[in-house]
Structure formats: structure tokens, C-alpha cells
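What follows is one structure encoded as C-alpha cells, with my remarks underneath.
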There are 2 protein chains.
Amino acid sequence: MKPHISIITLAVTNLEKSVRFYRDGLGLKTRGIVGADYDYGAAAFFDLQPGLSLALWPRESLAHEAGIEPQPPAMTEFMLSHCVTEREFVDEVMQQAAQSGGDVVKAAHDTLLGGYAGIFKDPDGHLWEVAWNPETPAESADAAPARQDTNDQNPAP
Amino acid sequence: MKPHISIITLAVTNLEKSVRFYRDGLGLKTRGIVGADYDYGAAAFFDLQPGLSLALWPRESLAHEAGIEPQPPAMTEFMLSHCVTEREFVDEVMQQAAQSGGDVVKAAHDTLLGGYAGIFKDPDGHLWEVAWNPETPAESADAAPARQDTNDQNPAP
């Protein structure tokens, strides 16, 4: 398999509400809800970096497409990390998320390796990490994973 | 927030087993498990397209980092789509996944709009869609979302 992911699809409970969070709250671009004329077709797509899209799709539609039963929501299946180029951008994005209906799960904090990061969840409980790492530029091919902040042995609860 | 995701972190039950699936099975490049000397630090990172990494992290570590309790695994939280440039590559990747310990959730099938797609799950039940769309080139900024195959009103179960 080539090392490439084209779409990250998030299961949502209320498509309209989640679209408002990502479009009106976080400011991601979208054509809005498309495919609503088709059974299980309603979805929304957001442009990320070239070659990658974020999609929102009702949980029932995702389950139907896969041919499995919808399962109870779970917050500890995955996390998306948004790395920023300046330390203060972490605070800005965390505030933006909180003001848009997201919940701060872990406030922005210094990490052991000199970074700065916080975690919020979207209206469906999907986790987003917002991270700044002084040693590596974000948004570059060489960006080091922010997961390194887990080397902090005493993270804030 | 800038439209950019830097890392997709997947929660796993058995880190070594999941690393074998993605590295030895699917052929993604990794330095292997890093951070094992630190509490909750063990993780593996795989290079995807420039600026994006896939990370595997034990569910307990993800939960610890976020300050929440680990929740029972759920398959219907998200899906990752891997778009390919040739129809036959769908079969190749699906076979590769099946031979590597993944399970075929939905066999490759023609979609209503003329595409071809299948779904497999990784050892932790995380869903991957492998999709070919004849109208749009994969791995380009203009790639249309494969989610359009949900316009198929009579998908195979």
C-alpha cells in the first residue's frame, strides 16, 4: 500500500451541528452537506492540506456502508493532531474550539520536551490535539510527531 | 484553525501486533516502537504523504494523555480512505490487508458512480476504505472524496 490517506471520515450524531462546529467554529472550508438526496448519502467534506480531506458522516451511514451495526460512541479510538508554527497559536486554536462548542479535555500546557499542547474534543467526542514543538517546524514533511510530548511523565490530568 | 492535520493517532490494544500489520503487512515505513522508556510513551509512527504521519498508541496511553478513562473499542467512530490510481490496485491492497491479518469488512465492489471500492479493518477494528474513482485522480489535491460511492443506494451488505 502506498503511504497515503485521502480522506479522514468522522462519524457524527448530528451532521448539521458538526458542520457548524467545523465550518463556522473552526473556519474550515466546505461546500456544506452534499448527497442528502440519497439514502445514507448526506455528508460534508472539508479541505485540509492538498490531497487530504476531512469528512463528516452520520454514524448510521458509516455503519451501513461497512455493513456493521452502529456501536456506542467511544472517545479513545483515535486522535487528530494539529501542529502549529508558533506557541501562542495553541492557545488561539484551543480558545476557538471552546468558543465554537468544543470542550477542552486538557488545557494547553508545557510539555517535558519544551513543547506546548492542549486537547479538545469536537461535538461528537473526537479528540484533537493542538501542539507546538519548538524543535521542528509544523506543516512540513519533517515535522516531528507531537506525540513526543507523551515523554512527559507527569502530564497534567 | 488552519486546515491541516499533522498526525492521525490510532488507539491499539497490542502495539507490537499492530506495528507488524502496518509495517510488515501493509509495508508502511517506520522506525518501529519508540518512547518505550517512558510511562505511556511507547508508540510507533509511520510516514504518509509529506506533512502527515500515522501513529499507533496503546489505548491506555491515549486515554492517560487525555485524562479520560479508556472506553470499549468501537468500530463506527471513523474511517480512513486510501484512494488509488488504478482500479486493480483496490484488489491488490485489499488482498494485502487480508493476508496481513486485516479482515475484509466489505469486499471490493463496483459503486454506482462507476468507481470500485472495498473496506477492511485493521487488527484493532479501525476501518480503512480502499477506493478507485475513474473521474478523479487519486493522490492529488483535486481528488474527489470516495465517499461519493455512498450514493449507491443498494450497496452490498
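We name chains A, B, ... following the order of the C-alpha cells; residues begin at 1 in each chain, and ligands are numbered from 1 as shown.
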
Output the coordinates of chain A after least-squares fitting to chain B on all in-order C-alpha pairs, as a compact mmCIF listing (two decimals) with N, CA and C atoms, in the first residue's frame.
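To be explicit, this is the file written out as selection-v2.txt:
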```txt
# COMPACT_ATOMS: atom_id res chain seq x y z
N MET A 1 -8.51 28.05 12.72
CA MET A 1 -7.57 26.94 12.61
C MET A 1 -7.19 26.73 11.15
N LYS A 2 -5.91 26.57 10.93
CA LYS A 2 -5.50 26.27 9.56
C LYS A 2 -5.96 24.87 9.18
N PRO A 3 -6.30 24.68 7.93
CA PRO A 3 -6.81 23.37 7.51
C PRO A 3 -5.68 22.36 7.34
N HIS A 4 -5.22 21.83 8.46
CA HIS A 4 -4.08 20.92 8.39
C HIS A 4 -4.12 19.92 9.52
N ILE A 5 -3.97 18.65 9.19
CA ILE A 5 -3.81 17.60 10.20
C ILE A 5 -2.41 17.03 10.04
N SER A 6 -1.68 16.94 11.15
CA SER A 6 -0.29 16.52 11.13
C SER A 6 -0.12 15.04 11.45
N ILE A 7 -0.92 14.56 12.38
CA ILE A 7 -0.81 13.17 12.83
C ILE A 7 -2.20 12.58 13.02
N ILE A 8 -2.39 11.37 12.55
CA ILE A 8 -3.58 10.58 12.85
C ILE A 8 -3.13 9.49 13.80
N THR A 9 -3.57 9.55 15.05
CA THR A 9 -3.17 8.56 16.04
C THR A 9 -4.28 7.54 16.23
N LEU A 10 -3.94 6.28 16.05
CA LEU A 10 -4.92 5.20 16.25
C LEU A 10 -4.65 4.50 17.57
N ALA A 11 -5.69 4.30 18.36
CA ALA A 11 -5.56 3.55 19.60
C ALA A 11 -5.46 2.07 19.29
N VAL A 12 -4.53 1.39 19.93
CA VAL A 12 -4.35 -0.05 19.68
C VAL A 12 -4.34 -0.82 20.99
N THR A 13 -4.67 -2.08 20.89
CA THR A 13 -4.68 -2.96 22.07
C THR A 13 -3.32 -3.61 22.26
N ASN A 14 -2.70 -4.01 21.16
CA ASN A 14 -1.39 -4.68 21.20
C ASN A 14 -0.48 -3.95 20.22
N LEU A 15 0.40 -3.13 20.75
CA LEU A 15 1.23 -2.28 19.90
C LEU A 15 2.11 -3.09 18.95
N GLU A 16 2.74 -4.13 19.47
CA GLU A 16 3.63 -4.93 18.62
C GLU A 16 2.86 -5.56 17.45
N LYS A 17 1.69 -6.10 17.76
CA LYS A 17 0.89 -6.74 16.72
C LYS A 17 0.46 -5.74 15.67
N SER A 18 0.06 -4.55 16.11
CA SER A 18 -0.40 -3.54 15.15
C SER A 18 0.75 -3.00 14.32
N VAL A 19 1.93 -2.89 14.92
CA VAL A 19 3.09 -2.46 14.15
C VAL A 19 3.40 -3.48 13.06
N ARG A 20 3.31 -4.75 13.41
CA ARG A 20 3.57 -5.78 12.39
C ARG A 20 2.58 -5.66 11.23
N PHE A 21 1.33 -5.39 11.55
CA PHE A 21 0.32 -5.27 10.50
C PHE A 21 0.65 -4.12 9.55
N TYR A 22 0.95 -2.97 10.10
CA TYR A 22 1.18 -1.80 9.24
C TYR A 22 2.56 -1.81 8.57
N ARG A 23 3.56 -2.31 9.30
CA ARG A 23 4.92 -2.32 8.75
C ARG A 23 5.15 -3.53 7.85
N ASP A 24 4.98 -4.72 8.41
CA ASP A 24 5.31 -5.94 7.66
C ASP A 24 4.18 -6.30 6.69
N GLY A 25 2.97 -5.99 7.07
CA GLY A 25 1.83 -6.35 6.23
C GLY A 25 1.58 -5.34 5.13
N LEU A 26 1.27 -4.11 5.52
CA LEU A 26 0.93 -3.09 4.51
C LEU A 26 2.17 -2.41 3.94
N GLY A 27 3.32 -2.59 4.58
CA GLY A 27 4.55 -2.05 4.01
C GLY A 27 4.81 -0.59 4.30
N LEU A 28 4.19 -0.04 5.32
CA LEU A 28 4.44 1.37 5.66
C LEU A 28 5.76 1.48 6.44
N LYS A 29 6.47 2.56 6.17
CA LYS A 29 7.78 2.75 6.80
C LYS A 29 7.67 3.29 8.22
N THR A 30 8.48 2.74 9.10
CA THR A 30 8.50 3.19 10.49
C THR A 30 9.86 2.91 11.11
N ARG A 31 10.19 3.68 12.12
CA ARG A 31 11.38 3.38 12.91
C ARG A 31 11.06 2.34 13.97
N GLY A 32 9.84 1.87 13.99
CA GLY A 32 9.43 0.90 14.99
C GLY A 32 8.94 1.59 16.24
N ILE A 33 8.89 0.85 17.31
CA ILE A 33 8.37 1.39 18.57
C ILE A 33 9.41 2.30 19.21
N VAL A 34 8.99 3.50 19.50
CA VAL A 34 9.86 4.48 20.16
C VAL A 34 9.21 4.90 21.48
N GLY A 35 10.01 5.49 22.35
CA GLY A 35 9.47 6.04 23.59
C GLY A 35 9.14 5.03 24.66
N ALA A 36 9.58 3.79 24.48
CA ALA A 36 9.19 2.73 25.41
C ALA A 36 9.82 2.92 26.79
N ASP A 37 10.83 3.78 26.89
CA ASP A 37 11.47 4.01 28.19
C ASP A 37 10.64 4.92 29.09
N TYR A 38 9.60 5.49 28.53
CA TYR A 38 8.79 6.43 29.31
C TYR A 38 7.40 5.85 29.57
N ASP A 39 6.86 6.17 30.72
CA ASP A 39 5.51 5.75 31.02
C ASP A 39 4.56 6.30 29.96
N TYR A 40 3.76 5.46 29.41
CA TYR A 40 2.78 5.84 28.39
C TYR A 40 3.44 6.41 27.13
N GLY A 41 4.76 6.19 26.98
CA GLY A 41 5.47 6.80 25.86
C GLY A 41 5.57 5.92 24.62
N ALA A 42 5.44 4.61 24.78
CA ALA A 42 5.64 3.70 23.64
C ALA A 42 4.63 3.96 22.54
N ALA A 43 5.15 4.20 21.34
CA ALA A 43 4.30 4.49 20.19
C ALA A 43 5.09 4.16 18.92
N ALA A 44 4.40 4.10 17.82
CA ALA A 44 5.07 3.90 16.53
C ALA A 44 4.49 4.89 15.53
N PHE A 45 5.38 5.44 14.71
CA PHE A 45 4.97 6.43 13.72
C PHE A 45 5.30 5.93 12.32
N PHE A 46 4.39 6.18 11.42
CA PHE A 46 4.55 5.76 10.03
C PHE A 46 4.43 6.99 9.14
N ASP A 47 5.33 7.08 8.17
CA ASP A 47 5.28 8.21 7.24
C ASP A 47 4.16 8.00 6.24
N LEU A 48 3.35 9.02 6.07
CA LEU A 48 2.36 9.02 4.99
C LEU A 48 2.82 10.06 3.97
N GLN A 49 1.90 10.75 3.34
CA GLN A 49 2.32 11.81 2.43
C GLN A 49 3.04 12.90 3.25
N PRO A 50 3.84 13.75 2.58
CA PRO A 50 4.57 14.81 3.30
C PRO A 50 3.64 15.61 4.20
N GLY A 51 4.08 15.77 5.45
CA GLY A 51 3.30 16.57 6.39
C GLY A 51 2.27 15.79 7.19
N LEU A 52 2.15 14.49 6.91
CA LEU A 52 1.16 13.68 7.62
C LEU A 52 1.79 12.36 8.08
N SER A 53 1.54 12.02 9.34
CA SER A 53 2.02 10.75 9.89
C SER A 53 0.86 9.97 10.47
N LEU A 54 1.01 8.67 10.46
CA LEU A 54 0.08 7.78 11.16
C LEU A 54 0.79 7.30 12.41
N ALA A 55 0.13 7.38 13.56
CA ALA A 55 0.74 6.92 14.80
C ALA A 55 -0.11 5.81 15.41
N LEU A 56 0.54 4.87 16.02
CA LEU A 56 -0.14 3.82 16.79
C LEU A 56 0.23 4.03 18.25
N TRP A 57 -0.75 3.97 19.12
CA TRP A 57 -0.52 4.26 20.53
C TRP A 57 -1.48 3.41 21.34
N PRO A 58 -0.99 2.75 22.38
CA PRO A 58 -1.92 1.95 23.19
C PRO A 58 -3.10 2.79 23.69
N ARG A 59 -4.26 2.18 23.71
CA ARG A 59 -5.48 2.88 24.13
C ARG A 59 -5.31 3.51 25.52
N GLU A 60 -4.65 2.79 26.41
CA GLU A 60 -4.46 3.29 27.77
C GLU A 60 -3.60 4.56 27.76
N SER A 61 -2.65 4.62 26.85
CA SER A 61 -1.77 5.80 26.78
C SER A 61 -2.54 7.00 26.24
N LEU A 62 -3.33 6.75 25.22
CA LEU A 62 -4.14 7.84 24.68
C LEU A 62 -5.11 8.36 25.74
N ALA A 63 -5.74 7.45 26.45
CA ALA A 63 -6.67 7.84 27.50
C ALA A 63 -5.94 8.61 28.60
N HIS A 64 -4.77 8.14 28.97
CA HIS A 64 -4.00 8.80 30.01
C HIS A 64 -3.63 10.22 29.59
N GLU A 65 -3.18 10.34 28.35
CA GLU A 65 -2.78 11.66 27.86
C GLU A 65 -3.97 12.64 27.89
N ALA A 66 -5.14 12.13 27.53
CA ALA A 66 -6.32 13.00 27.50
C ALA A 66 -6.96 13.15 28.88
N GLY A 67 -6.54 12.30 29.82
CA GLY A 67 -7.11 12.39 31.15
C GLY A 67 -8.52 11.83 31.23
N ILE A 68 -8.80 10.82 30.43
CA ILE A 68 -10.11 10.17 30.45
C ILE A 68 -9.94 8.67 30.61
N GLU A 69 -11.01 7.99 30.95
CA GLU A 69 -10.95 6.54 31.09
C GLU A 69 -10.99 5.88 29.71
N PRO A 70 -10.21 4.82 29.53
CA PRO A 70 -10.31 4.08 28.27
C PRO A 70 -11.73 3.56 28.10
N GLN A 71 -12.25 3.68 26.91
CA GLN A 71 -13.62 3.23 26.63
C GLN A 71 -13.58 1.98 25.76
N PRO A 72 -14.64 1.19 25.79
CA PRO A 72 -14.64 -0.03 24.98
C PRO A 72 -14.41 0.31 23.50
N PRO A 73 -13.66 -0.53 22.80
CA PRO A 73 -13.42 -0.29 21.38
C PRO A 73 -14.73 -0.15 20.60
N ALA A 74 -14.72 0.72 19.62
CA ALA A 74 -15.90 0.93 18.77
C ALA A 74 -15.42 1.09 17.34
N MET A 75 -16.06 0.38 16.44
CA MET A 75 -15.64 0.40 15.03
C MET A 75 -16.26 1.54 14.23
N THR A 76 -17.30 2.15 14.78
CA THR A 76 -18.05 3.11 13.96
C THR A 76 -17.80 4.56 14.38
N GLU A 77 -16.54 4.85 14.73
CA GLU A 77 -16.17 6.23 15.07
C GLU A 77 -15.55 6.98 13.90
N PHE A 78 -14.85 6.26 13.04
CA PHE A 78 -14.14 6.93 11.94
C PHE A 78 -13.74 5.91 10.89
N MET A 79 -13.30 6.41 9.75
CA MET A 79 -12.78 5.55 8.70
C MET A 79 -11.69 6.33 7.95
N LEU A 80 -10.64 5.64 7.56
CA LEU A 80 -9.57 6.25 6.76
C LEU A 80 -9.71 5.74 5.33
N SER A 81 -9.63 6.64 4.38
CA SER A 81 -9.77 6.25 2.97
C SER A 81 -8.44 6.36 2.25
N HIS A 82 -8.12 5.30 1.55
CA HIS A 82 -6.91 5.24 0.74
C HIS A 82 -7.35 5.15 -0.72
N CYS A 83 -7.19 6.25 -1.44
CA CYS A 83 -7.60 6.27 -2.84
C CYS A 83 -6.44 5.84 -3.73
N VAL A 84 -6.75 5.03 -4.70
CA VAL A 84 -5.72 4.51 -5.60
C VAL A 84 -5.97 4.99 -7.03
N THR A 85 -4.92 4.90 -7.86
CA THR A 85 -4.99 5.48 -9.19
C THR A 85 -5.49 4.50 -10.26
N GLU A 86 -5.50 3.21 -9.93
CA GLU A 86 -5.97 2.21 -10.89
C GLU A 86 -6.96 1.28 -10.21
N ARG A 87 -7.96 0.87 -10.95
CA ARG A 87 -8.99 -0.01 -10.39
C ARG A 87 -8.40 -1.27 -9.75
N GLU A 88 -7.45 -1.89 -10.41
CA GLU A 88 -6.93 -3.16 -9.91
C GLU A 88 -6.13 -3.00 -8.62
N PHE A 89 -5.70 -1.77 -8.34
CA PHE A 89 -4.97 -1.55 -7.09
C PHE A 89 -5.88 -1.76 -5.88
N VAL A 90 -7.17 -1.57 -6.07
CA VAL A 90 -8.10 -1.82 -4.95
C VAL A 90 -7.99 -3.28 -4.53
N ASP A 91 -8.05 -4.17 -5.51
CA ASP A 91 -7.93 -5.60 -5.19
C ASP A 91 -6.59 -5.92 -4.55
N GLU A 92 -5.54 -5.31 -5.07
CA GLU A 92 -4.21 -5.60 -4.54
C GLU A 92 -4.11 -5.20 -3.07
N VAL A 93 -4.57 -4.02 -2.75
CA VAL A 93 -4.46 -3.55 -1.37
C VAL A 93 -5.38 -4.35 -0.45
N MET A 94 -6.57 -4.68 -0.93
CA MET A 94 -7.48 -5.49 -0.11
C MET A 94 -6.86 -6.87 0.18
N GLN A 95 -6.24 -7.46 -0.84
CA GLN A 95 -5.59 -8.76 -0.64
C GLN A 95 -4.41 -8.64 0.33
N GLN A 96 -3.67 -7.57 0.15
CA GLN A 96 -2.51 -7.34 1.03
C GLN A 96 -2.98 -7.23 2.48
N ALA A 97 -4.05 -6.49 2.69
CA ALA A 97 -4.57 -6.32 4.05
C ALA A 97 -5.04 -7.65 4.62
N ALA A 98 -5.76 -8.41 3.80
CA ALA A 98 -6.30 -9.69 4.28
C ALA A 98 -5.18 -10.67 4.62
N GLN A 99 -4.13 -10.66 3.80
CA GLN A 99 -3.03 -11.59 4.03
C GLN A 99 -2.16 -11.16 5.21
N SER A 100 -2.35 -9.94 5.67
CA SER A 100 -1.52 -9.40 6.73
C SER A 100 -2.19 -9.43 8.10
N GLY A 101 -3.39 -9.97 8.15
CA GLY A 101 -4.08 -10.03 9.43
C GLY A 101 -5.23 -9.06 9.55
N GLY A 102 -5.50 -8.33 8.48
CA GLY A 102 -6.69 -7.48 8.47
C GLY A 102 -7.90 -8.31 8.06
N ASP A 103 -9.06 -7.83 8.32
CA ASP A 103 -10.27 -8.54 7.92
C ASP A 103 -11.02 -7.73 6.88
N VAL A 104 -11.47 -8.42 5.84
CA VAL A 104 -12.29 -7.76 4.83
C VAL A 104 -13.68 -7.55 5.42
N VAL A 105 -14.07 -6.31 5.55
CA VAL A 105 -15.38 -5.97 6.10
C VAL A 105 -16.40 -5.90 4.97
N LYS A 106 -15.97 -5.38 3.83
CA LYS A 106 -16.82 -5.29 2.65
C LYS A 106 -15.92 -5.51 1.43
N ALA A 107 -16.20 -6.57 0.72
CA ALA A 107 -15.35 -6.92 -0.43
C ALA A 107 -15.41 -5.81 -1.49
N ALA A 108 -14.34 -5.72 -2.26
CA ALA A 108 -14.30 -4.73 -3.33
C ALA A 108 -15.49 -4.92 -4.26
N HIS A 109 -16.10 -3.82 -4.62
CA HIS A 109 -17.34 -3.90 -5.41
C HIS A 109 -17.46 -2.65 -6.27
N ASP A 110 -18.22 -2.77 -7.36
CA ASP A 110 -18.49 -1.61 -8.19
C ASP A 110 -19.41 -0.66 -7.45
N THR A 111 -19.17 0.60 -7.59
CA THR A 111 -20.05 1.59 -6.97
C THR A 111 -20.91 2.23 -8.05
N LEU A 112 -22.00 2.82 -7.61
CA LEU A 112 -22.99 3.31 -8.56
C LEU A 112 -22.42 4.34 -9.53
N LEU A 113 -21.46 5.12 -9.07
CA LEU A 113 -20.92 6.18 -9.92
C LEU A 113 -19.76 5.71 -10.80
N GLY A 114 -19.57 4.40 -10.86
CA GLY A 114 -18.54 3.88 -11.74
C GLY A 114 -17.21 3.64 -11.05
N GLY A 115 -17.19 3.78 -9.75
CA GLY A 115 -15.97 3.53 -9.00
C GLY A 115 -15.89 2.10 -8.53
N TYR A 116 -14.92 1.83 -7.71
CA TYR A 116 -14.66 0.48 -7.23
C TYR A 116 -14.02 0.63 -5.86
N ALA A 117 -14.55 -0.06 -4.85
CA ALA A 117 -14.06 0.17 -3.50
C ALA A 117 -14.31 -1.03 -2.60
N GLY A 118 -13.52 -1.13 -1.57
CA GLY A 118 -13.69 -2.16 -0.55
C GLY A 118 -13.31 -1.59 0.81
N ILE A 119 -13.66 -2.30 1.87
CA ILE A 119 -13.35 -1.85 3.22
C ILE A 119 -12.73 -3.01 4.00
N PHE A 120 -11.63 -2.72 4.66
CA PHE A 120 -11.06 -3.71 5.59
C PHE A 120 -10.90 -3.05 6.95
N LYS A 121 -10.69 -3.90 7.96
CA LYS A 121 -10.40 -3.35 9.29
C LYS A 121 -9.04 -3.85 9.74
N ASP A 122 -8.34 -3.03 10.48
CA ASP A 122 -7.02 -3.40 10.99
C ASP A 122 -7.20 -4.28 12.23
N PRO A 123 -6.11 -4.73 12.86
CA PRO A 123 -6.26 -5.65 14.01
C PRO A 123 -7.07 -5.07 15.16
N ASP A 124 -7.23 -3.75 15.19
CA ASP A 124 -8.00 -3.12 16.27
C ASP A 124 -9.41 -2.73 15.84
N GLY A 125 -9.80 -3.13 14.64
CA GLY A 125 -11.14 -2.83 14.17
C GLY A 125 -11.27 -1.48 13.51
N HIS A 126 -10.17 -0.78 13.29
CA HIS A 126 -10.24 0.52 12.62
C HIS A 126 -10.50 0.31 11.13
N LEU A 127 -11.46 1.04 10.61
CA LEU A 127 -11.89 0.84 9.23
C LEU A 127 -11.02 1.60 8.23
N TRP A 128 -10.67 0.92 7.16
CA TRP A 128 -9.96 1.52 6.03
C TRP A 128 -10.77 1.25 4.76
N GLU A 129 -11.03 2.29 4.02
CA GLU A 129 -11.66 2.15 2.71
C GLU A 129 -10.56 2.25 1.65
N VAL A 130 -10.60 1.35 0.70
CA VAL A 130 -9.67 1.41 -0.44
C VAL A 130 -10.55 1.71 -1.65
N ALA A 131 -10.30 2.82 -2.31
CA ALA A 131 -11.24 3.26 -3.34
C ALA A 131 -10.55 3.75 -4.60
N TRP A 132 -11.18 3.45 -5.70
CA TRP A 132 -10.75 3.98 -7.00
C TRP A 132 -11.94 4.70 -7.61
N ASN A 133 -11.68 5.89 -8.10
CA ASN A 133 -12.72 6.69 -8.73
C ASN A 133 -12.22 7.09 -10.11
N PRO A 134 -12.88 6.66 -11.15
CA PRO A 134 -12.36 6.90 -12.50
C PRO A 134 -12.37 8.37 -12.91
N GLU A 135 -13.21 9.14 -12.25
CA GLU A 135 -13.36 10.53 -12.70
C GLU A 135 -12.33 11.48 -12.12
N THR A 136 -11.72 11.08 -11.05
CA THR A 136 -10.77 11.99 -10.40
C THR A 136 -9.49 11.24 -10.05
N PRO A 137 -8.37 11.87 -10.26
CA PRO A 137 -7.10 11.24 -9.93
C PRO A 137 -6.93 11.16 -8.41
N ALA A 138 -6.46 10.04 -7.95
CA ALA A 138 -6.15 9.93 -6.52
C ALA A 138 -4.83 10.62 -6.26
N GLU A 139 -4.56 10.84 -5.00
CA GLU A 139 -3.29 11.43 -4.60
C GLU A 139 -3.05 12.78 -5.25
N SER A 140 -4.11 13.51 -5.49
CA SER A 140 -3.95 14.87 -5.97
C SER A 140 -4.82 15.77 -5.11
N ALA A 141 -4.53 17.04 -5.19
CA ALA A 141 -5.27 17.99 -4.37
C ALA A 141 -6.74 18.04 -4.78
N ASP A 142 -6.99 17.63 -6.00
CA ASP A 142 -8.36 17.73 -6.50
C ASP A 142 -9.13 16.43 -6.39
N ALA A 143 -8.52 15.46 -5.75
CA ALA A 143 -9.18 14.16 -5.67
C ALA A 143 -10.55 14.29 -5.03
N ALA A 144 -11.55 13.80 -5.71
CA ALA A 144 -12.90 13.83 -5.15
C ALA A 144 -13.01 12.76 -4.07
N PRO A 145 -13.77 13.05 -3.05
CA PRO A 145 -13.91 12.08 -1.97
C PRO A 145 -14.54 10.79 -2.47
N ALA A 146 -13.99 9.70 -2.05
CA ALA A 146 -14.55 8.40 -2.42
C ALA A 146 -15.89 8.19 -1.75
N ARG A 147 -16.19 9.05 -0.75
CA ARG A 147 -17.47 8.91 -0.05
C ARG A 147 -18.62 9.01 -1.03
N GLN A 148 -18.35 9.53 -2.20
CA GLN A 148 -19.41 9.60 -3.20
C GLN A 148 -19.97 8.24 -3.55
N ASP A 149 -19.23 7.19 -3.25
CA ASP A 149 -19.76 5.88 -3.57
C ASP A 149 -20.94 5.52 -2.68
N THR A 150 -21.18 6.35 -1.69
CA THR A 150 -22.34 6.09 -0.85
C THR A 150 -23.62 6.52 -1.56
N ASN A 151 -23.45 7.12 -2.71
CA ASN A 151 -24.63 7.43 -3.50
C ASN A 151 -25.25 6.15 -4.04
N ASP A 152 -24.48 5.07 -3.95
CA ASP A 152 -25.01 3.77 -4.29
C ASP A 152 -26.10 3.44 -3.30
N GLN A 153 -27.32 3.33 -3.79
CA GLN A 153 -28.44 3.11 -2.88
C GLN A 153 -28.62 1.65 -2.53
N ASN A 154 -27.88 0.79 -3.23
CA ASN A 154 -28.02 -0.63 -2.95
C ASN A 154 -26.64 -1.25 -2.76
N PRO A 155 -25.89 -0.78 -1.78
CA PRO A 155 -24.56 -1.33 -1.59
C PRO A 155 -24.63 -2.77 -1.13
N ALA A 156 -23.61 -3.49 -1.47
CA ALA A 156 -23.53 -4.87 -0.98
C ALA A 156 -23.41 -4.85 0.54
N PRO A 157 -23.99 -5.80 1.20
CA PRO A 157 -23.93 -5.83 2.65
C PRO A 157 -22.50 -6.07 3.15
```

Run DSSP on the backbone of this structure and report the residues of chain A it assigns to helix (DSSP H, G or I), as an MDAnalysis selection string. chainID A and resid 15:25 59:66 87:99 146:151
